[in-house]
>>> print(open('data_28.cif').read())   # mmCIF, N, CA and C atoms
data_my_file
#
loop_
_atom_site.label_atom_id
_atom_site.label_comp_id
_atom_site.auth_asym_id
_atom_site.auth_seq_id
_atom_site.Cartn_x
_atom_site.Cartn_y
_atom_site.Cartn_z
N MET A 355 -99.58 125.36 70.23
CA MET A 355 -99.18 126.19 71.36
C MET A 355 -100.43 126.91 71.86
N GLN A 356 -100.70 126.76 73.12
CA GLN A 356 -101.86 127.45 73.67
C GLN A 356 -101.41 128.55 74.62
N THR A 357 -102.26 129.55 74.77
CA THR A 357 -101.95 130.62 75.71
C THR A 357 -102.66 130.33 77.03
N ARG A 358 -102.12 130.89 78.08
CA ARG A 358 -102.64 130.66 79.42
C ARG A 358 -102.78 131.98 80.16
N ILE A 359 -103.58 131.95 81.19
CA ILE A 359 -103.72 133.13 82.04
C ILE A 359 -102.55 133.15 83.02
N ARG A 360 -101.89 134.29 83.11
CA ARG A 360 -100.75 134.45 84.01
C ARG A 360 -100.90 135.73 84.82
N THR A 361 -100.18 135.79 85.93
CA THR A 361 -100.18 137.00 86.75
C THR A 361 -98.94 137.82 86.40
N ILE A 362 -99.09 139.10 86.47
CA ILE A 362 -97.98 140.01 86.19
C ILE A 362 -97.79 140.93 87.39
N LYS A 363 -96.58 140.98 87.89
CA LYS A 363 -96.27 141.86 89.01
C LYS A 363 -96.08 143.29 88.49
N PRO A 364 -96.50 144.28 89.27
CA PRO A 364 -96.34 145.68 88.84
C PRO A 364 -94.89 146.07 88.56
N GLU A 365 -93.93 145.38 89.19
CA GLU A 365 -92.52 145.70 89.01
C GLU A 365 -92.04 145.49 87.57
N ILE A 366 -92.82 144.78 86.75
CA ILE A 366 -92.40 144.55 85.37
C ILE A 366 -92.18 145.88 84.65
N ALA A 367 -92.95 146.88 85.00
CA ALA A 367 -92.81 148.21 84.36
C ALA A 367 -91.49 148.87 84.74
N GLN A 368 -90.87 148.40 85.83
CA GLN A 368 -89.63 148.99 86.31
C GLN A 368 -88.41 148.14 85.99
N HIS A 369 -88.56 147.12 85.16
CA HIS A 369 -87.46 146.22 84.81
C HIS A 369 -86.47 146.99 83.92
N GLU A 370 -85.35 147.39 84.50
CA GLU A 370 -84.41 148.26 83.80
C GLU A 370 -83.81 147.62 82.56
N LEU A 371 -83.45 146.35 82.63
CA LEU A 371 -82.85 145.69 81.48
C LEU A 371 -83.82 145.64 80.30
N LEU A 372 -85.07 145.27 80.58
CA LEU A 372 -86.06 145.24 79.51
C LEU A 372 -86.27 146.64 78.93
N PHE A 373 -86.32 147.63 79.80
CA PHE A 373 -86.49 149.01 79.34
C PHE A 373 -85.31 149.44 78.46
N ASP A 374 -84.09 149.12 78.90
CA ASP A 374 -82.91 149.50 78.13
C ASP A 374 -82.91 148.82 76.76
N LEU A 375 -83.27 147.54 76.71
CA LEU A 375 -83.35 146.83 75.43
C LEU A 375 -84.40 147.48 74.52
N GLU A 376 -85.49 147.89 75.12
CA GLU A 376 -86.56 148.54 74.35
C GLU A 376 -86.06 149.86 73.75
N LYS A 377 -85.36 150.64 74.55
CA LYS A 377 -84.86 151.93 74.06
C LYS A 377 -83.83 151.76 72.95
N VAL A 378 -82.95 150.79 73.09
CA VAL A 378 -81.89 150.56 72.11
C VAL A 378 -82.44 150.01 70.80
N THR A 379 -83.41 149.09 70.88
CA THR A 379 -83.90 148.40 69.68
C THR A 379 -85.13 149.04 69.06
N GLY A 380 -85.92 149.74 69.87
CA GLY A 380 -87.19 150.26 69.38
C GLY A 380 -88.29 149.21 69.35
N PHE A 381 -87.97 147.98 69.77
CA PHE A 381 -88.97 146.91 69.84
C PHE A 381 -89.80 147.06 71.11
N PRO A 382 -91.05 146.60 71.11
CA PRO A 382 -91.87 146.63 72.32
C PRO A 382 -91.48 145.48 73.26
N ILE A 383 -90.28 145.54 73.78
CA ILE A 383 -89.68 144.46 74.55
C ILE A 383 -90.47 144.13 75.82
N ARG A 384 -90.87 145.15 76.58
CA ARG A 384 -91.55 144.88 77.85
C ARG A 384 -92.90 144.23 77.62
N PHE A 385 -93.64 144.67 76.63
CA PHE A 385 -94.94 144.05 76.35
C PHE A 385 -94.75 142.65 75.81
N ALA A 386 -93.77 142.47 74.94
CA ALA A 386 -93.49 141.13 74.41
C ALA A 386 -93.12 140.17 75.53
N TRP A 387 -92.33 140.65 76.49
CA TRP A 387 -91.92 139.82 77.63
C TRP A 387 -93.14 139.40 78.44
N THR A 388 -94.01 140.34 78.70
CA THR A 388 -95.24 140.04 79.44
C THR A 388 -96.07 139.00 78.71
N MET A 389 -96.22 139.15 77.42
CA MET A 389 -97.02 138.21 76.62
C MET A 389 -96.35 136.86 76.47
N LEU A 390 -95.01 136.81 76.50
CA LEU A 390 -94.33 135.51 76.43
C LEU A 390 -94.78 134.60 77.58
N PHE A 391 -95.03 135.18 78.73
CA PHE A 391 -95.47 134.39 79.89
C PHE A 391 -96.76 133.62 79.58
N THR A 392 -97.61 134.19 78.74
CA THR A 392 -98.86 133.51 78.40
C THR A 392 -98.64 132.33 77.46
N CYS A 393 -97.46 132.25 76.87
CA CYS A 393 -97.13 131.16 75.94
C CYS A 393 -96.37 130.03 76.63
N CYS A 394 -95.98 130.25 77.86
CA CYS A 394 -95.21 129.25 78.60
C CYS A 394 -96.13 128.27 79.32
N ASP A 395 -95.65 127.04 79.46
CA ASP A 395 -96.40 126.05 80.22
C ASP A 395 -96.14 126.27 81.72
N ARG A 396 -96.64 125.40 82.52
CA ARG A 396 -96.54 125.58 83.98
C ARG A 396 -95.11 125.57 84.51
N ASP A 397 -94.16 125.10 83.69
CA ASP A 397 -92.76 125.08 84.09
C ASP A 397 -91.92 126.17 83.41
N GLY A 398 -92.59 127.10 82.74
CA GLY A 398 -91.88 128.20 82.09
C GLY A 398 -91.23 127.82 80.78
N ARG A 399 -91.71 126.75 80.15
CA ARG A 399 -91.15 126.29 78.88
C ARG A 399 -92.06 126.66 77.72
N PHE A 400 -91.47 126.81 76.55
CA PHE A 400 -92.25 127.11 75.35
C PHE A 400 -91.54 126.53 74.13
N GLU A 401 -92.30 126.31 73.08
CA GLU A 401 -91.71 125.87 71.82
C GLU A 401 -91.07 127.07 71.15
N TRP A 402 -89.87 126.89 70.65
CA TRP A 402 -89.12 127.97 69.99
C TRP A 402 -89.62 128.08 68.56
N ARG A 403 -90.72 128.77 68.41
CA ARG A 403 -91.35 128.97 67.10
C ARG A 403 -91.60 130.47 66.95
N PRO A 404 -90.58 131.23 66.52
CA PRO A 404 -90.67 132.68 66.49
C PRO A 404 -91.90 133.22 65.76
N ARG A 405 -92.26 132.64 64.64
CA ARG A 405 -93.41 133.16 63.89
C ARG A 405 -94.70 132.99 64.68
N ILE A 406 -94.87 131.83 65.31
CA ILE A 406 -96.07 131.59 66.12
C ILE A 406 -96.05 132.48 67.36
N LEU A 407 -94.90 132.56 68.02
CA LEU A 407 -94.79 133.42 69.21
C LEU A 407 -95.08 134.88 68.87
N LYS A 408 -94.60 135.33 67.73
CA LYS A 408 -94.87 136.71 67.31
C LYS A 408 -96.36 136.93 67.15
N THR A 409 -97.03 135.96 66.53
CA THR A 409 -98.48 136.07 66.32
C THR A 409 -99.22 136.12 67.65
N LEU A 410 -98.76 135.34 68.62
CA LEU A 410 -99.42 135.30 69.93
C LEU A 410 -99.08 136.50 70.80
N CYS A 411 -97.85 137.00 70.69
CA CYS A 411 -97.39 138.07 71.58
C CYS A 411 -97.55 139.47 71.00
N LEU A 412 -97.27 139.62 69.73
CA LEU A 412 -97.26 140.94 69.09
C LEU A 412 -97.93 140.89 67.72
N PRO A 413 -99.21 140.55 67.66
CA PRO A 413 -99.83 140.33 66.35
C PRO A 413 -99.86 141.54 65.43
N TYR A 414 -99.84 142.75 65.97
CA TYR A 414 -99.95 143.95 65.14
C TYR A 414 -98.63 144.67 64.93
N ASP A 415 -97.57 144.20 65.58
CA ASP A 415 -96.28 144.89 65.48
C ASP A 415 -95.45 144.32 64.34
N ASP A 416 -94.78 145.22 63.62
CA ASP A 416 -93.92 144.83 62.51
C ASP A 416 -92.51 144.65 63.05
N VAL A 417 -92.27 143.51 63.70
CA VAL A 417 -90.96 143.21 64.28
C VAL A 417 -90.58 141.77 63.96
N ASP A 418 -89.29 141.52 64.00
CA ASP A 418 -88.76 140.17 63.82
C ASP A 418 -88.65 139.55 65.21
N PHE A 419 -89.57 138.65 65.54
CA PHE A 419 -89.59 138.09 66.89
C PHE A 419 -88.35 137.25 67.17
N GLU A 420 -87.74 136.68 66.15
CA GLU A 420 -86.49 135.94 66.33
C GLU A 420 -85.43 136.85 66.93
N LYS A 421 -85.38 138.10 66.50
CA LYS A 421 -84.41 139.06 67.04
C LYS A 421 -84.69 139.33 68.53
N ILE A 422 -85.96 139.41 68.88
CA ILE A 422 -86.33 139.62 70.28
C ILE A 422 -85.89 138.42 71.11
N LEU A 423 -86.14 137.22 70.61
CA LEU A 423 -85.72 136.01 71.32
C LEU A 423 -84.20 135.98 71.48
N GLU A 424 -83.47 136.38 70.43
CA GLU A 424 -82.01 136.43 70.50
C GLU A 424 -81.54 137.42 71.55
N LEU A 425 -82.17 138.60 71.60
CA LEU A 425 -81.81 139.60 72.61
C LEU A 425 -82.00 139.06 74.02
N TRP A 426 -83.15 138.42 74.24
CA TRP A 426 -83.41 137.85 75.57
C TRP A 426 -82.42 136.75 75.92
N THR A 427 -82.04 135.95 74.92
CA THR A 427 -81.07 134.88 75.15
C THR A 427 -79.70 135.47 75.50
N GLU A 428 -79.28 136.48 74.76
CA GLU A 428 -77.99 137.13 75.03
C GLU A 428 -77.93 137.70 76.44
N GLN A 429 -79.07 138.15 76.96
CA GLN A 429 -79.13 138.74 78.30
C GLN A 429 -79.47 137.71 79.38
N ALA A 430 -79.55 136.43 79.00
CA ALA A 430 -79.86 135.31 79.91
C ALA A 430 -81.26 135.44 80.53
N LEU A 431 -82.16 136.17 79.86
CA LEU A 431 -83.53 136.25 80.33
C LEU A 431 -84.30 134.98 79.97
N ILE A 432 -83.89 134.34 78.87
CA ILE A 432 -84.44 133.05 78.48
C ILE A 432 -83.29 132.13 78.10
N GLY A 433 -83.59 130.84 78.09
CA GLY A 433 -82.64 129.85 77.62
C GLY A 433 -83.21 129.14 76.40
N ARG A 434 -82.33 128.62 75.59
CA ARG A 434 -82.73 127.88 74.38
C ARG A 434 -82.08 126.51 74.45
N TYR A 435 -82.82 125.47 74.08
CA TYR A 435 -82.27 124.12 74.09
C TYR A 435 -82.97 123.27 73.03
N THR A 436 -82.32 122.19 72.66
CA THR A 436 -82.84 121.29 71.63
C THR A 436 -82.95 119.88 72.19
N VAL A 437 -84.09 119.25 71.93
CA VAL A 437 -84.31 117.86 72.33
C VAL A 437 -84.87 117.13 71.11
N ARG A 438 -84.19 116.07 70.71
CA ARG A 438 -84.60 115.27 69.56
C ARG A 438 -84.92 116.13 68.33
N GLY A 439 -84.07 117.11 68.07
CA GLY A 439 -84.19 117.94 66.89
C GLY A 439 -85.20 119.07 66.98
N LYS A 440 -85.94 119.17 68.08
CA LYS A 440 -86.90 120.27 68.27
C LYS A 440 -86.31 121.29 69.23
N VAL A 441 -86.55 122.56 68.92
CA VAL A 441 -85.99 123.64 69.72
C VAL A 441 -87.06 124.18 70.68
N TYR A 442 -86.63 124.41 71.91
CA TYR A 442 -87.50 124.91 72.97
C TYR A 442 -86.83 126.07 73.67
N GLY A 443 -87.61 126.79 74.43
CA GLY A 443 -87.08 127.86 75.25
C GLY A 443 -87.66 127.75 76.66
N PHE A 444 -87.03 128.46 77.59
CA PHE A 444 -87.53 128.48 78.96
C PHE A 444 -87.10 129.78 79.63
N ILE A 445 -87.84 130.13 80.66
CA ILE A 445 -87.52 131.32 81.45
C ILE A 445 -86.89 130.83 82.75
N PRO A 446 -85.58 131.05 82.93
CA PRO A 446 -84.89 130.53 84.12
C PRO A 446 -85.45 131.04 85.45
N THR A 447 -86.01 132.24 85.45
CA THR A 447 -86.52 132.83 86.69
C THR A 447 -88.04 132.62 86.85
N TRP A 448 -88.58 131.66 86.13
CA TRP A 448 -90.02 131.42 86.08
C TRP A 448 -90.66 131.35 87.46
N THR A 449 -90.12 130.54 88.36
CA THR A 449 -90.76 130.35 89.66
C THR A 449 -90.70 131.61 90.52
N LYS A 450 -89.80 132.50 90.19
CA LYS A 450 -89.72 133.79 90.90
C LYS A 450 -90.90 134.68 90.52
N HIS A 451 -91.45 134.47 89.31
CA HIS A 451 -92.48 135.34 88.77
C HIS A 451 -93.89 134.76 88.81
N GLN A 452 -94.01 133.45 88.87
CA GLN A 452 -95.34 132.83 88.72
C GLN A 452 -95.67 131.86 89.83
N MET A 453 -96.95 131.88 90.21
CA MET A 453 -97.50 130.86 91.11
C MET A 453 -98.57 130.14 90.28
N ILE A 454 -98.30 128.90 89.95
CA ILE A 454 -99.13 128.17 89.01
C ILE A 454 -100.30 127.50 89.73
N ASN A 455 -101.45 127.58 89.10
CA ASN A 455 -102.65 126.91 89.59
C ASN A 455 -102.43 125.40 89.48
N ASN A 456 -102.70 124.68 90.54
CA ASN A 456 -102.49 123.23 90.54
C ASN A 456 -103.35 122.50 89.53
N ARG A 457 -104.40 123.14 89.04
CA ARG A 457 -105.27 122.49 88.06
C ARG A 457 -104.68 122.54 86.65
N GLU A 458 -103.65 123.36 86.46
CA GLU A 458 -103.03 123.43 85.14
C GLU A 458 -102.31 122.11 84.83
N HIS A 459 -102.45 121.67 83.61
CA HIS A 459 -101.85 120.40 83.19
C HIS A 459 -100.33 120.43 83.31
N ALA A 460 -99.77 119.27 83.58
CA ALA A 460 -98.31 119.13 83.66
C ALA A 460 -97.72 119.45 82.29
N SER A 461 -96.47 119.86 82.31
CA SER A 461 -95.77 120.19 81.08
C SER A 461 -95.65 118.97 80.18
N LYS A 462 -95.88 119.18 78.89
CA LYS A 462 -95.67 118.13 77.91
C LYS A 462 -94.36 118.34 77.17
N LEU A 463 -93.69 119.45 77.46
CA LEU A 463 -92.42 119.76 76.81
C LEU A 463 -91.27 119.19 77.62
N PRO A 464 -90.23 118.73 76.94
CA PRO A 464 -89.08 118.19 77.69
C PRO A 464 -88.37 119.28 78.48
N ALA A 465 -87.78 118.87 79.59
CA ALA A 465 -87.05 119.82 80.43
C ALA A 465 -85.74 120.20 79.77
N PRO A 466 -85.27 121.41 80.05
CA PRO A 466 -83.96 121.80 79.54
C PRO A 466 -82.87 120.98 80.23
N PRO A 467 -81.72 120.85 79.59
CA PRO A 467 -80.63 120.12 80.24
C PRO A 467 -80.19 120.84 81.50
N VAL A 468 -79.71 120.09 82.45
CA VAL A 468 -79.24 120.67 83.71
C VAL A 468 -77.99 121.49 83.42
N GLN A 469 -77.97 122.70 83.94
CA GLN A 469 -76.86 123.62 83.69
C GLN A 469 -75.68 123.28 84.56
#
>>> encode(input="data_28.cif", output="structure tokens")
Amino acid sequence: MQTRIRTIKPEIAQHELLFDLEKVTGFPIRFAWTMLFTCCDRDGRFEWRPRILKTLCLPYDDVDFEKILELWTEQALIGRYTVRGKVYGFIPTWTKHQMINNREHASKLPAPPVQ
């Protein structure tokens, strides 16, 4: 899993749902969300590997990243899917948040099933 350079809109600081999740759980939800974008490919997909994602997103925080992924899934902020026994995730609103550089390589991860 490689990290990539992504753009972040200033409105991320005002995301009420992320803020509410942060207050309820005590997890650094907004920062983790921002860092998750760096783990996604050009189509907003990522490998569902909580331990690796935690290392990439929150290396110094003592949190269970699987719980963060579950919270985001429950709130429909991310989706989870399995292809040939491997688990992946995606951000459904990806294109609303990112403008991808055309030089970035095409996704090597399978697409999520059509909803």
>>> residues_around(input="data_28.cif", residues="Ile359 of chain A", least_positions_apart="3", cutoff="8 Å", atoms="all atoms listed in the file", output="PyMOL selection string")
chain A and resi 356+362+391-393
>>> atom_distance(input="data_28.cif", atom1="atom CA of Asp374 of chain A", atom2="atom CA of Leu390 of chain A")
18.1 Å
>>> residues_around(input="data_28.cif", residues="Asp418 of chain A", least_positions_apart="5", cutoff="9 Å", atoms="only C-alpha atoms", output="mmCIF file with N, CA and C atoms, keeping the file's coordinate frame")
data_model
loop_
_atom_site.group_PDB
_atom_site.id
_atom_site.type_symbol
_atom_site.label_atom_id
_atom_site.label_comp_id
_atom_site.auth_asym_id
_atom_site.auth_seq_id
_atom_site.Cartn_x
_atom_site.Cartn_y
_atom_site.Cartn_z
ATOM 1 N N PRO A 404 -90.580 131.230 66.520
ATOM 2 C CA PRO A 404 -90.670 132.680 66.490
ATOM 3 C C PRO A 404 -91.900 133.220 65.760
ATOM 4 N N ARG A 405 -92.260 132.640 64.640
ATOM 5 C CA ARG A 405 -93.410 133.160 63.890
ATOM 6 C C ARG A 405 -94.700 132.990 64.680
ATOM 7 N N LYS A 408 -94.600 135.330 67.730
ATOM 8 C CA LYS A 408 -94.870 136.710 67.310
ATOM 9 C C LYS A 408 -96.360 136.930 67.150
#
>>> closest_residue(input="data_28.cif", among="A:Ile432, A:Phe444, A:Ile422, A:Met453", to="Ile383 of chain A", atoms="only N, CA and C atoms")
A:Ile422
>>> select_by_dssp(input="data_28.cif", residues="chain A", states="helix (DSSP H, G or I)", output="NGL selection string")
:A and (364-368 or 370-379 or 383-393 or 404-411 or 419-428 or 448-451)
>>> select_by_dssp(input="data_28.cif", residues="segment 387-442 of chain A", states="strand (DSSP E)", output="list in words")
Arg399, Phe400, Glu401, Gly433, Arg434, Tyr435, Thr436, Val437, Lys440, Val441 and Tyr442 of chain A
>>> build_atoms(input="data_28.cif", residues="segment 370-381 of chain A", atoms="all heavy atoms", output="PDB file, in the coordinates of the input")
ATOM      1  N   GLU A 370     -85.350 147.390  84.500  1.00  0.00           N
ATOM      2  CA  GLU A 370     -84.410 148.260  83.800  1.00  0.00           C
ATOM      3  C   GLU A 370     -83.810 147.620  82.560  1.00  0.00           C
ATOM      4  O   GLU A 370     -83.660 148.286  81.529  1.00  0.00           O
ATOM      5  CB  GLU A 370     -83.302 148.697  84.749  1.00  0.00           C
ATOM      6  CG  GLU A 370     -83.772 149.669  85.804  1.00  0.00           C
ATOM      7  CD  GLU A 370     -82.634 150.139  86.680  1.00  0.00           C
ATOM      8  OE1 GLU A 370     -81.851 150.986  86.210  1.00  0.00           O
ATOM      9  OE2 GLU A 370     -82.542 149.637  87.814  1.00  0.00           O
ATOM     10  N   LEU A 371     -83.450 146.350  82.630  1.00  0.00           N
ATOM     11  CA  LEU A 371     -82.850 145.690  81.480  1.00  0.00           C
ATOM     12  C   LEU A 371     -83.820 145.640  80.300  1.00  0.00           C
ATOM     13  O   LEU A 371     -83.452 145.957  79.170  1.00  0.00           O
ATOM     14  CB  LEU A 371     -82.385 144.281  81.840  1.00  0.00           C
ATOM     15  CG  LEU A 371     -81.801 143.453  80.697  1.00  0.00           C
ATOM     16  CD1 LEU A 371     -80.626 144.163  80.028  1.00  0.00           C
ATOM     17  CD2 LEU A 371     -81.384 142.086  81.203  1.00  0.00           C
ATOM     18  N   LEU A 372     -85.070 145.270  80.580  1.00  0.00           N
ATOM     19  CA  LEU A 372     -86.060 145.240  79.510  1.00  0.00           C
ATOM     20  C   LEU A 372     -86.270 146.640  78.930  1.00  0.00           C
ATOM     21  O   LEU A 372     -86.380 146.810  77.714  1.00  0.00           O
ATOM     22  CB  LEU A 372     -87.388 144.677  80.022  1.00  0.00           C
ATOM     23  CG  LEU A 372     -87.390 143.194  80.389  1.00  0.00           C
ATOM     24  CD1 LEU A 372     -88.749 142.805  80.962  1.00  0.00           C
ATOM     25  CD2 LEU A 372     -87.035 142.314  79.210  1.00  0.00           C
ATOM     26  N   PHE A 373     -86.320 147.630  79.800  1.00  0.00           N
ATOM     27  CA  PHE A 373     -86.490 149.010  79.340  1.00  0.00           C
ATOM     28  C   PHE A 373     -85.310 149.440  78.460  1.00  0.00           C
ATOM     29  O   PHE A 373     -85.498 150.015  77.380  1.00  0.00           O
ATOM     30  CB  PHE A 373     -86.640 149.972  80.521  1.00  0.00           C
ATOM     31  CG  PHE A 373     -86.717 151.414  80.104  1.00  0.00           C
ATOM     32  CD1 PHE A 373     -87.873 151.920  79.540  1.00  0.00           C
ATOM     33  CD2 PHE A 373     -85.618 152.251  80.254  1.00  0.00           C
ATOM     34  CE1 PHE A 373     -87.944 153.254  79.136  1.00  0.00           C
ATOM     35  CE2 PHE A 373     -85.677 153.576  79.855  1.00  0.00           C
ATOM     36  CZ  PHE A 373     -86.846 154.083  79.300  1.00  0.00           C
ATOM     37  N   ASP A 374     -84.090 149.120  78.900  1.00  0.00           N
ATOM     38  CA  ASP A 374     -82.910 149.500  78.130  1.00  0.00           C
ATOM     39  C   ASP A 374     -82.910 148.820  76.760  1.00  0.00           C
ATOM     40  O   ASP A 374     -82.586 149.446  75.747  1.00  0.00           O
ATOM     41  CB  ASP A 374     -81.629 149.143  78.898  1.00  0.00           C
ATOM     42  CG  ASP A 374     -81.410 150.031  80.116  1.00  0.00           C
ATOM     43  OD1 ASP A 374     -82.041 151.110  80.204  1.00  0.00           O
ATOM     44  OD2 ASP A 374     -80.617 149.629  80.997  1.00  0.00           O
ATOM     45  N   LEU A 375     -83.270 147.540  76.710  1.00  0.00           N
ATOM     46  CA  LEU A 375     -83.350 146.830  75.430  1.00  0.00           C
ATOM     47  C   LEU A 375     -84.400 147.480  74.520  1.00  0.00           C
ATOM     48  O   LEU A 375     -84.201 147.593  73.312  1.00  0.00           O
ATOM     49  CB  LEU A 375     -83.691 145.361  75.651  1.00  0.00           C
ATOM     50  CG  LEU A 375     -82.595 144.476  76.224  1.00  0.00           C
ATOM     51  CD1 LEU A 375     -83.143 143.081  76.527  1.00  0.00           C
ATOM     52  CD2 LEU A 375     -81.410 144.390  75.281  1.00  0.00           C
ATOM     53  N   GLU A 376     -85.490 147.890  75.120  1.00  0.00           N
ATOM     54  CA  GLU A 376     -86.560 148.540  74.350  1.00  0.00           C
ATOM     55  C   GLU A 376     -86.060 149.860  73.750  1.00  0.00           C
ATOM     56  O   GLU A 376     -86.326 150.148  72.582  1.00  0.00           O
ATOM     57  CB  GLU A 376     -87.754 148.761  75.271  1.00  0.00           C
ATOM     58  CG  GLU A 376     -89.015 149.138  74.553  1.00  0.00           C
ATOM     59  CD  GLU A 376     -90.217 149.049  75.472  1.00  0.00           C
ATOM     60  OE1 GLU A 376     -90.588 147.929  75.875  1.00  0.00           O
ATOM     61  OE2 GLU A 376     -90.783 150.118  75.767  1.00  0.00           O
ATOM     62  N   LYS A 377     -85.360 150.640  74.550  1.00  0.00           N
ATOM     63  CA  LYS A 377     -84.860 151.930  74.060  1.00  0.00           C
ATOM     64  C   LYS A 377     -83.830 151.760  72.950  1.00  0.00           C
ATOM     65  O   LYS A 377     -83.836 152.495  71.972  1.00  0.00           O
ATOM     66  CB  LYS A 377     -84.245 152.742  75.222  1.00  0.00           C
ATOM     67  CG  LYS A 377     -85.246 153.175  76.274  1.00  0.00           C
ATOM     68  CD  LYS A 377     -86.339 154.029  75.721  1.00  0.00           C
ATOM     69  CE  LYS A 377     -85.898 155.444  75.540  1.00  0.00           C
ATOM     70  NZ  LYS A 377     -86.954 156.349  75.091  1.00  0.00           N
ATOM     71  N   VAL A 378     -82.950 150.790  73.090  1.00  0.00           N
ATOM     72  CA  VAL A 378     -81.890 150.560  72.110  1.00  0.00           C
ATOM     73  C   VAL A 378     -82.440 150.010  70.800  1.00  0.00           C
ATOM     74  O   VAL A 378     -82.023 150.421  69.720  1.00  0.00           O
ATOM     75  CB  VAL A 378     -80.822 149.600  72.683  1.00  0.00           C
ATOM     76  CG1 VAL A 378     -79.868 149.130  71.614  1.00  0.00           C
ATOM     77  CG2 VAL A 378     -80.060 150.269  73.808  1.00  0.00           C
ATOM     78  N   THR A 379     -83.410 149.090  70.880  1.00  0.00           N
ATOM     79  CA  THR A 379     -83.900 148.400  69.680  1.00  0.00           C
ATOM     80  C   THR A 379     -85.130 149.040  69.060  1.00  0.00           C
ATOM     81  O   THR A 379     -85.379 148.854  67.867  1.00  0.00           O
ATOM     82  CB  THR A 379     -84.260 146.950  70.008  1.00  0.00           C
ATOM     83  OG1 THR A 379     -85.368 146.934  70.931  1.00  0.00           O
ATOM     84  CG2 THR A 379     -83.083 146.193  70.592  1.00  0.00           C
ATOM     85  N   GLY A 380     -85.920 149.740  69.870  1.00  0.00           N
ATOM     86  CA  GLY A 380     -87.190 150.260  69.380  1.00  0.00           C
ATOM     87  C   GLY A 380     -88.290 149.210  69.350  1.00  0.00           C
ATOM     88  O   GLY A 380     -89.412 149.488  68.948  1.00  0.00           O
ATOM     89  N   PHE A 381     -87.970 147.980  69.770  1.00  0.00           N
ATOM     90  CA  PHE A 381     -88.970 146.910  69.840  1.00  0.00           C
ATOM     91  C   PHE A 381     -89.800 147.060  71.110  1.00  0.00           C
ATOM     92  O   PHE A 381     -89.306 147.542  72.134  1.00  0.00           O
ATOM     93  CB  PHE A 381     -88.307 145.533  69.873  1.00  0.00           C
ATOM     94  CG  PHE A 381     -87.537 145.163  68.641  1.00  0.00           C
ATOM     95  CD1 PHE A 381     -86.461 144.294  68.730  1.00  0.00           C
ATOM     96  CD2 PHE A 381     -87.875 145.657  67.394  1.00  0.00           C
ATOM     97  CE1 PHE A 381     -85.742 143.927  67.605  1.00  0.00           C
ATOM     98  CE2 PHE A 381     -87.162 145.291  66.258  1.00  0.00           C
ATOM     99  CZ  PHE A 381     -86.094 144.423  66.372  1.00  0.00           C
TER     100      PHE A 381
END
